[in-house]
>>> print(open('upload07.cif').read())   # mmCIF, C-alpha atoms and all ligand atoms
data_input
#
loop_
_atom_site.label_atom_id
_atom_site.label_comp_id
_atom_site.auth_asym_id
_atom_site.auth_seq_id
_atom_site.Cartn_x
_atom_site.Cartn_y
_atom_site.Cartn_z
CA MET A 26 94.20 77.62 83.14
CA ALA A 27 96.54 74.63 83.12
CA VAL A 28 98.60 74.37 79.97
CA ASP A 29 100.36 71.28 78.65
CA GLU A 30 103.97 71.65 79.85
CA ASP A 31 105.41 70.57 76.49
CA VAL A 32 103.35 73.18 74.67
CA ALA A 33 104.45 75.84 77.16
CA ASP A 34 108.11 74.81 76.78
CA GLN A 35 107.86 74.92 73.00
CA ILE A 36 106.40 78.43 72.97
CA VAL A 37 109.02 79.69 75.42
CA GLU A 38 111.84 78.08 73.41
CA THR A 39 110.56 79.53 70.12
CA VAL A 40 110.40 83.01 71.60
CA ALA A 41 113.84 82.57 73.25
CA ARG A 42 115.39 81.66 69.87
CA TRP A 43 113.83 84.73 68.29
CA VAL A 44 115.17 86.89 71.12
CA ASP A 45 118.67 85.51 70.51
CA THR A 46 118.66 86.03 66.75
CA GLU A 47 116.48 89.12 66.21
CA VAL A 48 116.07 91.06 69.43
CA ILE A 49 119.45 91.02 71.18
CA PRO A 50 121.47 92.15 68.14
CA ASN A 51 119.13 95.11 67.52
CA ALA A 52 117.74 96.19 70.90
CA SER A 53 120.31 98.86 71.80
CA ARG A 54 119.96 100.50 68.40
CA PHE A 55 116.21 101.02 68.92
CA GLU A 56 116.53 101.91 72.60
CA LEU A 57 119.31 104.48 72.16
CA ALA A 58 117.47 106.13 69.25
CA ASP A 59 114.17 105.91 71.18
CA GLU A 60 112.66 104.35 68.06
CA PHE A 61 109.62 102.09 68.16
CA PRO A 62 110.61 98.51 67.15
CA HIS A 63 107.77 97.93 64.66
CA GLU A 64 109.11 94.66 63.24
CA MET A 65 109.68 93.12 66.65
CA VAL A 66 106.15 94.06 67.71
CA GLU A 67 104.76 92.56 64.49
CA GLN A 68 106.63 89.35 65.27
CA MET A 69 105.18 89.31 68.80
CA LYS A 70 101.76 89.63 67.17
CA ALA A 71 102.56 86.72 64.85
CA PHE A 72 103.56 84.59 67.86
CA GLY A 73 100.15 85.40 69.39
CA LEU A 74 101.73 87.09 72.40
CA PHE A 75 99.18 89.92 72.54
CA GLY A 76 96.61 87.26 73.34
CA CYS A 77 98.84 84.92 75.30
CA VAL A 78 96.75 84.95 78.51
CA ILE A 79 93.41 85.78 76.86
CA PRO A 80 91.12 82.71 76.87
CA GLU A 81 91.01 80.66 73.67
CA GLU A 82 87.27 81.25 73.24
CA TYR A 83 88.12 84.91 72.45
CA GLY A 84 90.97 84.03 70.10
CA GLY A 85 93.81 84.10 72.64
CA LEU A 86 96.37 81.39 73.39
CA GLY A 87 94.90 80.79 76.86
CA LEU A 88 98.34 80.28 78.40
CA ASP A 89 98.79 80.17 82.16
CA HIS A 90 100.53 83.02 83.91
CA LEU A 91 103.59 80.98 84.80
CA THR A 92 104.24 80.54 81.08
CA TYR A 93 103.52 84.26 80.65
CA ALA A 94 106.19 85.09 83.27
CA ARG A 95 108.70 82.84 81.48
CA LEU A 96 107.91 84.53 78.15
CA ILE A 97 108.33 88.00 79.63
CA GLU A 98 111.69 86.99 81.14
CA GLU A 99 112.91 85.82 77.73
CA ILE A 100 111.68 88.92 75.91
CA SER A 101 113.07 91.29 78.54
CA ARG A 102 116.52 89.76 78.63
CA GLY A 103 116.61 90.95 75.00
CA PHE A 104 114.77 94.28 75.24
CA MET A 105 112.84 95.21 78.38
CA SER A 106 110.67 97.76 76.55
CA LEU A 107 109.01 94.91 74.61
CA GLY A 108 107.76 93.52 77.93
CA GLY A 109 106.15 96.93 78.48
CA VAL A 110 104.38 96.83 75.11
CA LEU A 111 102.62 93.68 76.32
CA ASN A 112 102.08 94.72 79.94
CA SER A 113 99.45 97.46 79.78
CA HIS A 114 97.75 95.63 76.90
CA LEU A 115 97.30 92.51 79.02
CA ILE A 116 96.38 94.44 82.18
CA VAL A 117 93.44 95.95 80.27
CA SER A 118 92.59 92.61 78.64
CA THR A 119 92.58 90.94 82.06
CA MET A 120 90.27 93.63 83.47
CA ILE A 121 87.85 92.94 80.62
CA VAL A 122 88.10 89.15 81.14
CA ARG A 123 87.50 89.49 84.88
CA PHE A 124 85.11 92.43 85.13
CA GLY A 125 83.53 92.92 81.69
CA THR A 126 80.05 91.77 80.72
CA ASP A 127 79.72 88.93 78.19
CA ALA A 128 78.92 91.49 75.50
CA GLN A 129 82.01 93.54 76.41
CA ARG A 130 84.24 90.48 76.27
CA GLU A 131 82.86 89.67 72.81
CA GLN A 132 83.30 93.27 71.73
CA TRP A 133 86.91 93.87 72.76
CA LEU A 134 88.81 90.66 73.44
CA PRO A 135 89.07 89.21 69.89
CA ASP A 136 90.87 92.32 68.54
CA LEU A 137 93.03 92.52 71.65
CA ALA A 138 93.94 88.84 71.35
CA THR A 139 95.34 89.25 67.84
CA GLY A 140 97.02 92.55 68.68
CA GLU A 141 94.93 94.14 65.91
CA LYS A 142 94.06 96.69 68.57
CA ARG A 143 96.53 97.49 71.31
CA ALA A 144 95.54 98.76 74.74
CA CYS A 145 97.03 101.21 77.23
CA PHE A 146 96.25 101.43 80.93
CA SER A 147 95.61 104.89 82.32
CA LEU A 148 95.39 105.18 86.09
CA SER A 149 98.14 107.62 87.16
CA GLU A 150 98.02 111.40 87.16
CA HIS A 151 100.47 114.18 88.10
CA ASP A 152 99.27 114.19 91.70
CA ALA A 153 97.91 110.67 91.84
CA GLY A 154 100.53 107.97 91.34
CA SER A 155 100.85 106.08 94.62
CA ASP A 156 97.83 107.98 95.92
CA THR A 157 95.39 106.91 93.21
CA ARG A 158 92.31 108.10 95.07
CA SER A 159 93.46 111.71 94.62
CA MET A 160 92.81 111.50 90.90
CA ARG A 161 91.03 114.46 89.32
CA CYS A 162 90.05 113.15 85.91
CA ARG A 163 86.25 113.12 85.83
CA ALA A 164 83.56 111.36 83.85
CA THR A 165 80.37 113.45 84.10
CA PRO A 166 77.07 111.82 83.10
CA ASP A 167 75.25 113.57 80.25
CA GLY A 168 72.15 111.76 78.97
CA ASP A 169 73.28 108.33 77.75
CA ASP A 170 76.90 109.45 77.62
CA TYR A 171 79.77 110.52 79.82
CA ILE A 172 81.98 113.56 79.25
CA ILE A 173 85.62 113.04 80.19
CA ASN A 174 87.82 115.89 81.39
CA GLY A 175 91.26 115.66 82.95
CA THR A 176 94.94 115.00 82.40
CA LYS A 177 96.40 111.54 82.86
CA MET A 178 100.11 110.99 83.28
CA TRP A 179 102.58 108.22 82.40
CA VAL A 180 100.37 106.45 79.86
CA THR A 181 102.67 103.83 78.36
CA ASN A 182 101.64 102.84 74.81
CA GLY A 183 99.27 105.83 74.95
CA GLN A 184 99.76 107.05 71.38
CA ARG A 185 99.73 103.75 69.54
CA ALA A 186 96.91 102.22 71.55
CA ALA A 187 93.44 101.91 70.04
CA ILE A 188 91.85 101.06 73.40
CA VAL A 189 92.31 102.97 76.65
CA GLY A 190 91.55 101.43 80.05
CA LEU A 191 90.73 104.77 81.67
CA MET A 192 90.12 105.37 85.37
CA ALA A 193 88.03 108.44 86.13
CA LYS A 194 85.97 109.77 89.00
CA THR A 195 82.20 109.43 88.69
CA PRO A 196 79.40 110.56 90.99
CA ASP A 197 78.46 107.83 93.44
CA SER A 198 74.72 108.03 94.16
CA ALA A 199 75.03 105.56 97.08
CA THR A 200 77.33 107.84 99.09
CA ALA A 201 76.49 111.17 97.43
CA GLY A 202 80.25 111.39 96.93
CA GLU A 203 82.49 110.13 94.16
CA GLY A 204 83.98 106.80 93.17
CA VAL A 205 86.56 105.68 90.62
CA THR A 206 85.13 103.96 87.56
CA CYS A 207 86.92 102.18 84.73
CA PHE A 208 85.96 102.97 81.14
CA ILE A 209 87.16 101.05 78.10
CA VAL A 210 87.47 103.73 75.46
CA ASP A 211 87.89 103.01 71.74
CA LYS A 212 90.18 105.66 70.34
CA GLU A 213 92.14 106.21 67.17
CA PRO A 214 95.89 105.66 67.50
CA GLY A 215 97.88 108.86 67.06
CA ALA A 216 99.03 111.96 68.91
CA THR A 217 95.55 113.55 68.84
CA TRP A 218 92.05 112.18 68.50
CA SER A 219 88.84 114.12 68.00
CA PRO A 220 85.92 111.67 68.07
CA SER A 221 82.82 112.57 66.04
CA SER A 222 80.87 112.45 69.33
CA GLY A 223 82.83 115.49 70.55
CA GLY A 224 85.96 116.58 72.38
CA THR A 225 89.68 116.02 71.88
CA VAL A 226 92.39 113.80 73.34
CA THR A 227 95.92 115.13 72.97
CA THR A 228 99.07 113.34 74.00
CA SER A 229 102.62 114.50 74.50
CA LYS A 230 105.59 112.21 74.84
CA ILE A 231 107.62 112.10 78.05
CA GLU A 232 111.40 111.82 77.63
CA LYS A 233 112.74 108.96 79.77
CA LEU A 234 116.03 107.79 81.29
CA GLY A 235 115.48 104.24 80.09
CA TYR A 236 112.58 102.06 78.97
CA ARG A 237 112.89 103.78 75.62
CA GLY A 238 111.67 102.75 72.18
CA LEU A 239 108.05 102.80 73.27
CA GLU A 240 106.15 105.90 74.18
CA THR A 241 104.98 106.98 77.62
CA VAL A 242 102.74 110.02 77.33
CA GLU A 243 100.78 112.66 79.15
CA MET A 244 97.20 112.41 77.91
CA ASN A 245 94.78 115.32 78.07
CA TRP A 246 91.04 114.66 77.79
CA ASP A 247 89.09 117.75 76.85
CA ASN A 248 85.29 117.33 76.89
CA VAL A 249 85.47 113.90 75.27
CA ARG A 250 82.04 112.32 74.91
CA ILE A 251 81.94 108.54 75.30
CA PRO A 252 78.94 106.20 75.49
CA ALA A 253 77.81 104.84 78.87
CA ALA A 254 78.35 101.37 77.36
CA ALA A 255 82.09 102.03 77.71
CA MET A 256 81.78 101.54 81.47
CA LEU A 257 83.53 98.28 82.36
CA GLY A 258 80.93 95.87 83.72
CA ASP A 259 78.08 98.24 82.75
CA GLU A 260 76.30 99.83 85.74
CA SER A 261 77.76 97.22 88.10
CA GLY A 262 81.17 98.74 87.35
CA MET A 263 80.18 102.17 88.67
CA GLY A 264 82.60 103.16 91.44
CA ARG A 265 84.43 99.81 91.19
CA GLY A 266 87.25 100.90 88.92
CA LEU A 267 89.97 100.67 91.55
CA ASN A 268 88.94 97.09 92.40
CA ALA A 269 89.33 96.16 88.75
CA ALA A 270 92.61 98.06 88.43
CA LEU A 271 94.16 96.64 91.59
CA SER A 272 93.14 93.12 90.65
CA ALA A 273 94.68 93.46 87.17
CA LEU A 274 97.73 95.18 88.64
CA GLU A 275 98.55 91.87 90.33
CA LEU A 276 99.26 90.65 86.81
CA GLY A 277 101.11 93.89 86.07
CA ARG A 278 103.35 93.29 89.08
CA ILE A 279 104.08 89.75 87.94
CA ASN A 280 104.97 91.18 84.53
CA ILE A 281 107.34 93.71 86.17
CA ALA A 282 108.90 91.00 88.34
CA ALA A 283 109.47 88.86 85.22
CA ARG A 284 110.89 91.82 83.33
CA ALA A 285 113.26 92.47 86.23
CA VAL A 286 114.36 88.81 86.16
CA GLY A 287 114.95 89.13 82.40
CA VAL A 288 117.10 92.25 82.72
CA ALA A 289 118.95 90.83 85.74
CA ARG A 290 119.69 87.66 83.77
CA ALA A 291 121.01 89.66 80.81
CA ALA A 292 123.22 91.72 83.14
CA PHE A 293 124.47 88.61 84.95
CA GLU A 294 125.21 86.70 81.73
CA ALA A 295 127.03 89.73 80.26
CA ALA A 296 129.17 89.92 83.40
CA MET A 297 129.94 86.17 83.31
CA ASP A 298 131.10 86.47 79.73
CA TYR A 299 133.14 89.61 80.30
CA ALA A 300 134.78 88.34 83.49
CA GLN A 301 136.20 85.32 81.64
CA ARG A 302 137.52 87.38 78.71
CA ARG A 303 138.89 90.47 80.42
CA GLU A 304 142.37 90.03 81.83
CA THR A 305 144.11 92.15 84.46
CA PHE A 306 147.32 91.39 86.32
CA GLY A 307 147.93 88.45 83.99
CA LYS A 308 144.69 86.54 84.47
CA PRO A 309 140.97 86.72 83.68
CA ILE A 310 139.22 88.92 86.23
CA TYR A 311 137.00 85.90 87.03
CA ASP A 312 140.11 84.42 88.66
CA HIS A 313 140.23 87.31 91.13
CA GLN A 314 138.11 85.77 93.85
CA VAL A 315 136.34 89.01 94.68
CA ILE A 316 134.88 89.08 91.13
CA ALA A 317 133.93 85.37 91.17
CA PHE A 318 132.18 85.89 94.53
CA LYS A 319 130.26 88.86 93.15
CA LEU A 320 129.06 86.60 90.34
CA ALA A 321 128.15 83.86 92.81
CA ASP A 322 126.01 86.37 94.74
CA MET A 323 124.43 87.67 91.54
CA ALA A 324 123.53 84.14 90.36
CA THR A 325 122.06 83.26 93.75
CA LYS A 326 119.89 86.38 93.90
CA LEU A 327 118.81 85.90 90.30
CA GLU A 328 117.68 82.35 91.03
CA ALA A 329 115.76 83.48 94.14
CA ALA A 330 114.10 86.28 92.15
CA ARG A 331 112.99 83.90 89.42
CA LEU A 332 111.50 81.48 91.96
CA MET A 333 109.56 84.28 93.66
CA CYS A 334 108.25 85.49 90.34
CA HIS A 335 107.11 81.98 89.37
CA SER A 336 105.56 81.41 92.76
CA ALA A 337 103.47 84.60 92.42
CA ALA A 338 102.44 83.60 88.88
CA ARG A 339 101.29 80.19 90.16
CA LYS A 340 99.24 81.86 92.87
CA PHE A 341 97.65 84.18 90.29
CA ASP A 342 96.83 81.10 88.21
CA GLU A 343 94.84 79.71 91.13
CA GLY A 344 92.45 82.61 90.56
CA ILE A 345 92.61 83.81 94.14
CA ARG A 346 93.84 87.09 95.56
CA ALA A 347 97.59 87.28 95.01
CA ASP A 348 98.41 90.88 95.84
CA MET A 349 100.85 89.99 98.62
CA GLU A 350 102.74 87.44 96.53
CA ALA A 351 102.75 89.68 93.45
CA GLY A 352 103.89 92.60 95.62
CA MET A 353 106.68 90.56 97.20
CA ALA A 354 107.86 89.30 93.81
CA LYS A 355 107.77 92.77 92.29
CA LEU A 356 109.63 94.27 95.26
CA PHE A 357 112.31 91.60 95.46
CA CYS A 358 112.89 91.09 91.73
CA SER A 359 113.13 94.80 90.92
CA GLU A 360 115.54 95.56 93.78
CA VAL A 361 117.67 92.51 92.89
CA ALA A 362 117.70 93.58 89.23
CA ALA A 363 118.98 97.02 90.25
CA GLU A 364 121.78 95.43 92.32
CA ILE A 365 122.75 93.01 89.55
CA ALA A 366 122.74 95.69 86.85
CA LEU A 367 125.07 97.87 88.93
CA GLU A 368 127.37 94.95 89.78
CA SER A 369 127.51 93.99 86.13
CA MET A 370 128.50 97.53 85.24
CA ARG A 371 131.24 97.49 87.90
CA ILE A 372 132.55 94.20 86.51
CA HIS A 373 132.66 95.74 83.03
CA GLY A 374 134.76 98.62 84.38
CA GLY A 375 134.90 101.65 82.04
CA ASN A 376 133.39 99.62 79.20
CA GLY A 377 130.24 99.17 81.25
CA TYR A 378 129.74 102.91 81.19
CA THR A 379 129.68 103.15 77.40
CA SER A 380 126.92 102.48 74.90
CA GLU A 381 129.25 99.99 73.16
CA TYR A 382 128.00 97.43 75.68
CA PRO A 383 124.35 96.79 76.59
CA VAL A 384 125.10 96.90 80.33
CA GLU A 385 124.49 100.66 80.51
CA ARG A 386 121.01 100.02 79.08
CA TYR A 387 120.25 97.45 81.77
CA TYR A 388 121.36 99.98 84.37
CA ARG A 389 119.07 102.67 82.93
CA ASP A 390 116.17 100.22 82.54
CA VAL A 391 115.96 98.84 86.07
CA PRO A 392 114.64 101.93 87.93
CA LEU A 393 111.41 101.65 85.94
CA MET A 394 110.80 98.28 87.56
CA ILE A 395 111.29 99.84 91.01
CA ILE A 396 108.83 102.69 90.30
CA GLY A 397 106.21 101.42 87.84
CA GLU A 398 103.10 99.49 89.01
CA GLY A 399 103.66 100.85 92.52
CA THR A 400 107.01 101.78 94.04
CA SER A 401 108.96 99.51 96.38
CA GLU A 402 107.61 101.51 99.34
CA ILE A 403 104.03 100.94 98.17
CA GLN A 404 104.71 97.21 97.75
CA LYS A 405 105.88 97.16 101.38
CA LEU A 406 102.62 98.84 102.43
CA VAL A 407 100.60 96.21 100.54
CA ILE A 408 102.66 93.37 102.03
CA ALA A 409 102.55 94.79 105.58
CA ARG A 410 98.76 95.22 105.40
CA GLN A 411 98.34 91.60 104.33
CA LEU A 412 100.76 90.38 106.98
CA ARG A 413 98.69 91.94 109.74
CA ASP A 414 95.56 90.27 108.38
CA LYS A 415 97.39 86.95 108.28
CA TYR A 416 99.17 87.16 111.63
CA ARG A 417 96.68 89.27 113.64
CA ALA A 418 97.49 89.27 117.37
CA GLU A 419 94.35 88.27 119.29
C1 LIG B 1 108.22 105.14 82.73
C2 LIG B 1 106.95 105.01 83.49
C3 LIG B 1 105.86 104.39 82.89
C4 LIG B 1 104.63 104.34 83.56
N1 LIG B 1 103.54 103.77 82.92
C5 LIG B 1 102.32 103.87 83.51
C6 LIG B 1 101.14 103.44 82.81
O1 LIG B 1 101.22 102.91 81.70
N2 LIG B 1 99.93 103.64 83.40
C7 LIG B 1 99.80 104.22 84.62
O2 LIG B 1 98.67 104.38 85.08
N3 LIG B 1 100.90 104.62 85.32
C8 LIG B 1 102.15 104.46 84.80
N4 LIG B 1 103.27 104.89 85.49
C9 LIG B 1 103.09 105.57 86.77
C10 LIG B 1 103.65 104.83 87.96
O3 LIG B 1 102.82 103.78 88.33
C11 LIG B 1 103.84 105.87 89.09
O4 LIG B 1 104.90 106.73 88.70
C12 LIG B 1 104.15 105.23 90.41
O5 LIG B 1 103.04 104.55 90.90
C13 LIG B 1 104.62 106.26 91.46
O6 LIG B 1 103.75 107.34 91.52
P1 LIG B 1 104.34 108.84 91.50
O7 LIG B 1 105.24 108.95 90.33
O8 LIG B 1 103.19 109.78 91.55
O9 LIG B 1 105.21 108.96 92.80
P2 LIG B 1 104.68 109.43 94.24
O10 LIG B 1 103.42 108.73 94.56
O11 LIG B 1 104.67 110.91 94.28
O12 LIG B 1 105.84 108.89 95.18
C14 LIG B 1 107.03 109.64 95.44
C15 LIG B 1 107.84 108.89 96.48
O13 LIG B 1 107.10 108.83 97.72
C16 LIG B 1 106.94 107.48 98.13
N5 LIG B 1 105.64 107.33 98.77
C17 LIG B 1 104.44 107.75 98.31
N6 LIG B 1 103.46 107.45 99.18
C18 LIG B 1 104.06 106.79 100.21
C19 LIG B 1 103.59 106.22 101.43
N7 LIG B 1 102.28 106.20 101.74
N8 LIG B 1 104.49 105.65 102.27
C20 LIG B 1 105.81 105.63 101.94
N9 LIG B 1 106.32 106.15 100.81
C21 LIG B 1 105.45 106.72 99.95
C22 LIG B 1 107.05 106.67 96.85
O14 LIG B 1 107.45 105.33 97.14
C23 LIG B 1 108.13 107.43 96.11
O15 LIG B 1 109.38 107.06 96.58
C24 LIG B 1 104.51 104.89 84.87
C25 LIG B 1 105.63 105.48 85.46
C26 LIG B 1 106.83 105.54 84.79
C27 LIG B 1 108.01 106.22 85.45
#
>>> encode(input="upload07.cif", output="structure tokens", more="lines below")
Ligand SMILES: Cc1cc2nc3c(=O)[nH]c(=O)nc-3n(C[C@H](O)[C@H](O)[C@H](O)COP(=O)(O)OP(=O)(O)OC[C@H]3O[C@@H](n4cnc5c(N)ncnc54)[C@H](O)[C@@H]3O)c2cc1C
Amino acid sequence: MAVDEDVADQIVETVARWVDTEVIPNASRFELADEFPHEMVEQMKAFGLFGCVIPEEYGGLGLDHLTYARLIEEISRGFMSLGGVLNSHLIVSTMIVRFGTDAQREQWLPDLATGEKRACFSLSEHDAGSDTRSMRCRATPDGDDYIINGTKMWVTNGQRAAIVGLMAKTPDSATAGEGVTCFIVDKEPGATWSPSSGGTVTTSKIEKLGYRGLETVEMNWDNVRIPAAAMLGDESGMGRGLNAALSALELGRINIAARAVGVARAAFEAAMDYAQRRETFGKPIYDHQVIAFKLADMATKLEAARLMCHSAARKFDEGIRADMEAGMAKLFCSEVAAEIALESMRIHGGNGYTSEYPVERYYRDVPLMIIGEGTSEIQKLVIARQLRDKYRAE
């Protein structure tokens, strides 16, 4: 998926200009009010960002994932929640690209590429976040259909989405046990949905510390009948849902790493600006060496984080397994973003603690990057497992 560098630069520059003029001046207003930024999302649609990594043959822009990471950095330095609007949508789109049948790609990708339909990704449950195999949501075969029952947790974009990438347990005839299967479910956007085929989906919004302006919901599936054709990959997808999810989560982790770089950059740039304007003891605080050294450390870590994120995106572009690189990037970038956001707040002194400055938003936003798409501890497990495979003692 190589993309002409000039084209990539142009798209990134166009989006960056829009972030400067439209997103940055308005982001805190939407985030503090926890209000969905409809106009910004419409503009992202107009840019084609909902289809940015979907192949051109399905109406997407067919960009490479390095360009995607650069776009997410730009968007997130303005308003991190916008990066989340795109994330679950493109995780589900990527699962369909990689694991769907030809007919399923034709069915879903064109509407996803335009953003006409938006997707949410539903893996986690109350007792199954890190430990995904403990999930309880079940899809029970019934004639040509499946009946879904269970409660999913933390479904970002869950109310506004028209397509759900749903992971549920199904009977596994090979082992006489159960496996996790991915279903792509067409639903109506809204707080509740009662399909004519039967059953009801109800959602309730979760109040959050940060990452506000877009909804994250608990989603209850009560006897919802869906066609067997909703199974990703048809019968070959039976019991292979976690493979699909973990593969697409590599992209999700690159998205989170890029979002972390975006927020870290915003926090760093805010601190640079403030440190040169704020005077104490007769000089700008930047001229107190301890503050300048903090900023030197922040800039160095930010640069390292960006390089790791880009390196993981390049690996993903090669089309080979990139879970270690994506995990390392997600781990490093999110932890660095948390450090930089806190340092930026310290540099802003009391002002950093008020909603007059966006720094408090960066501080509230960064924990999401540490927790979502697998916590830092889980990234270390993924990395350590890969390391032993790579450096196995004979
Ligand atoms: C705002 C938000 C949005 C989200 N959006 C989505 C979404 O759209 N779709 C979706 O499917 N999920 C989503 N998630 C869920 C997210 O992926 C999980 O919260 C995350 O994976 C952690 O799972 P958990 O909350 O169950 O924590 P737990 O798994 O209970 O972990 C609790 C603590 O124990 C640690 N821990 C757990 N197991 C181990 C272990 N084996 N070794 C060492 N430490 C361990 C964890 O690192 C953590 O510190 C979202 C979460 C949040 C907060």
>>> residues_near_ligand(input="upload07.cif", ligand="ligand LIG 1 (chain B)", cutoff="8 Å", atoms="only C-alpha atoms and all ligand atoms", output="PDB file with C-alpha atoms, keeping the file's coordinate frame")
ATOM      1  CA  SER A 113      99.450  97.460  79.780  1.00  0.00           C
ATOM      2  CA  CYS A 145      97.030 101.210  77.230  1.00  0.00           C
ATOM      3  CA  PHE A 146      96.250 101.430  80.930  1.00  0.00           C
ATOM      4  CA  SER A 147      95.610 104.890  82.320  1.00  0.00           C
ATOM      5  CA  LEU A 148      95.390 105.180  86.090  1.00  0.00           C
ATOM      6  CA  SER A 149      98.140 107.620  87.160  1.00  0.00           C
ATOM      7  CA  GLU A 150      98.020 111.400  87.160  1.00  0.00           C
ATOM      8  CA  HIS A 151     100.470 114.180  88.100  1.00  0.00           C
ATOM      9  CA  ASP A 152      99.270 114.190  91.700  1.00  0.00           C
ATOM     10  CA  ALA A 153      97.910 110.670  91.840  1.00  0.00           C
ATOM     11  CA  GLY A 154     100.530 107.970  91.340  1.00  0.00           C
ATOM     12  CA  SER A 155     100.850 106.080  94.620  1.00  0.00           C
ATOM     13  CA  ASP A 156      97.830 107.980  95.920  1.00  0.00           C
ATOM     14  CA  LYS A 177      96.400 111.540  82.860  1.00  0.00           C
ATOM     15  CA  MET A 178     100.110 110.990  83.280  1.00  0.00           C
ATOM     16  CA  TRP A 179     102.580 108.220  82.400  1.00  0.00           C
ATOM     17  CA  VAL A 180     100.370 106.450  79.860  1.00  0.00           C
ATOM     18  CA  THR A 181     102.670 103.830  78.360  1.00  0.00           C
ATOM     19  CA  ASN A 182     101.640 102.840  74.810  1.00  0.00           C
ATOM     20  CA  GLY A 183      99.270 105.830  74.950  1.00  0.00           C
ATOM     21  CA  LYS A 233     112.740 108.960  79.770  1.00  0.00           C
ATOM     22  CA  GLY A 235     115.480 104.240  80.090  1.00  0.00           C
ATOM     23  CA  TYR A 236     112.580 102.060  78.970  1.00  0.00           C
ATOM     24  CA  THR A 241     104.980 106.980  77.620  1.00  0.00           C
ATOM     25  CA  LEU A 393     111.410 101.650  85.940  1.00  0.00           C
ATOM     26  CA  ILE A 396     108.830 102.690  90.300  1.00  0.00           C
ATOM     27  CA  GLY A 397     106.210 101.420  87.840  1.00  0.00           C
ATOM     28  CA  GLU A 398     103.100  99.490  89.010  1.00  0.00           C
ATOM     29  CA  GLY A 399     103.660 100.850  92.520  1.00  0.00           C
ATOM     30  CA  THR A 400     107.010 101.780  94.040  1.00  0.00           C
ATOM     31  CA  SER A 401     108.960  99.510  96.380  1.00  0.00           C
ATOM     32  CA  GLU A 402     107.610 101.510  99.340  1.00  0.00           C
ATOM     33  CA  ILE A 403     104.030 100.940  98.170  1.00  0.00           C
ATOM     34  CA  LEU A 406     102.620  98.840 102.430  1.00  0.00           C
TER      35      LEU A 406
END
>>> residues_around(input="upload07.cif", residues="A:Glu98", least_positions_apart="4", cutoff="7 Å", atoms="all atoms listed in the file", output="PyMOL selection string")
chain A and resi 94+102+283-284+286-287
>>> atom_distance(input="upload07.cif", atom1="atom CA of A:Met323", atom2="atom CA of A:Ile365")
5.9 Å
>>> residues_around(input="upload07.cif", residues="A:Ala289", least_positions_apart="2", cutoff="10 Å", atoms="all atoms listed in the file", output="tab-separated table (two decimals) with C-alpha atoms, in the frame of the given file")
chain	number	residue	atom	x	y	z
A	98	GLU	CA	111.69	86.99	81.14
A	101	SER	CA	113.07	91.29	78.54
A	102	ARG	CA	116.52	89.76	78.63
A	283	ALA	CA	109.47	88.86	85.22
A	284	ARG	CA	110.89	91.82	83.33
A	285	ALA	CA	113.26	92.47	86.23
A	286	VAL	CA	114.36	88.81	86.16
A	287	GLY	CA	114.95	89.13	82.40
A	291	ALA	CA	121.01	89.66	80.81
A	292	ALA	CA	123.22	91.72	83.14
A	293	PHE	CA	124.47	88.61	84.95
A	294	GLU	CA	125.21	86.70	81.73
A	295	ALA	CA	127.03	89.73	80.26
A	323	MET	CA	124.43	87.67	91.54
A	324	ALA	CA	123.53	84.14	90.36
A	326	LYS	CA	119.89	86.38	93.90
A	327	LEU	CA	118.81	85.90	90.30
A	330	ALA	CA	114.10	86.28	92.15
A	331	ARG	CA	112.99	83.90	89.42
A	358	CYS	CA	112.89	91.09	91.73
A	359	SER	CA	113.13	94.80	90.92
A	360	GLU	CA	115.54	95.56	93.78
A	361	VAL	CA	117.67	92.51	92.89
A	362	ALA	CA	117.70	93.58	89.23
A	363	ALA	CA	118.98	97.02	90.25
A	364	GLU	CA	121.78	95.43	92.32
A	365	ILE	CA	122.75	93.01	89.55
A	366	ALA	CA	122.74	95.69	86.85
A	367	LEU	CA	125.07	97.87	88.93
A	369	SER	CA	127.51	93.99	86.13
A	387	TYR	CA	120.25	97.45	81.77
A	388	TYR	CA	121.36	99.98	84.37
A	391	VAL	CA	115.96	98.84	86.07
>>> residues_around(input="upload07.cif", residues="A:Lys194", least_positions_apart="4", cutoff="6 Å", atoms="only C-alpha atoms", output="VMD selection string")
chain A and resid 163 to 164 204 to 205
>>> atom_distance(input="upload07.cif", atom1="atom CA of A:Arg290", atom2="atom CA of A:Asp31")
23.4 Å
>>> atom_distance(input="upload07.cif", atom1="atom CA of A:Thr206", atom2="atom CA of A:Met120")
12.2 Å
>>> residues_around(input="upload07.cif", residues="A:Ala269", least_positions_apart="4", cutoff="8 Å", atoms="all atoms listed in the file", output="PyMOL selection string")
chain A and resi 120+123-124+207+265+273
>>> closest_atom_pairs(input="upload07.cif", of="stretch 44-143 of chain A", to="stretch 242-264 of chain A", cutoff="9 Å", atoms="all atoms listed in the file", output="JSON lines")
{"residue": "A:Met120", "atom": "CA", "partner": "A:Leu257", "partner_atom": "CA", "distance": 8.3}
{"residue": "A:Ile121", "atom": "CA", "partner": "A:Leu257", "partner_atom": "CA", "distance": 7.1}
{"residue": "A:Phe124", "atom": "CA", "partner": "A:Gly258", "partner_atom": "CA", "distance": 5.6}
{"residue": "A:Gly125", "atom": "CA", "partner": "A:Gly258", "partner_atom": "CA", "distance": 4.4}
{"residue": "A:Thr126", "atom": "CA", "partner": "A:Gly258", "partner_atom": "CA", "distance": 5.2}
{"residue": "A:Asp127", "atom": "CA", "partner": "A:Gly258", "partner_atom": "CA", "distance": 9.0}
{"residue": "A:Gln129", "atom": "CA", "partner": "A:Gly258", "partner_atom": "CA", "distance": 7.7}
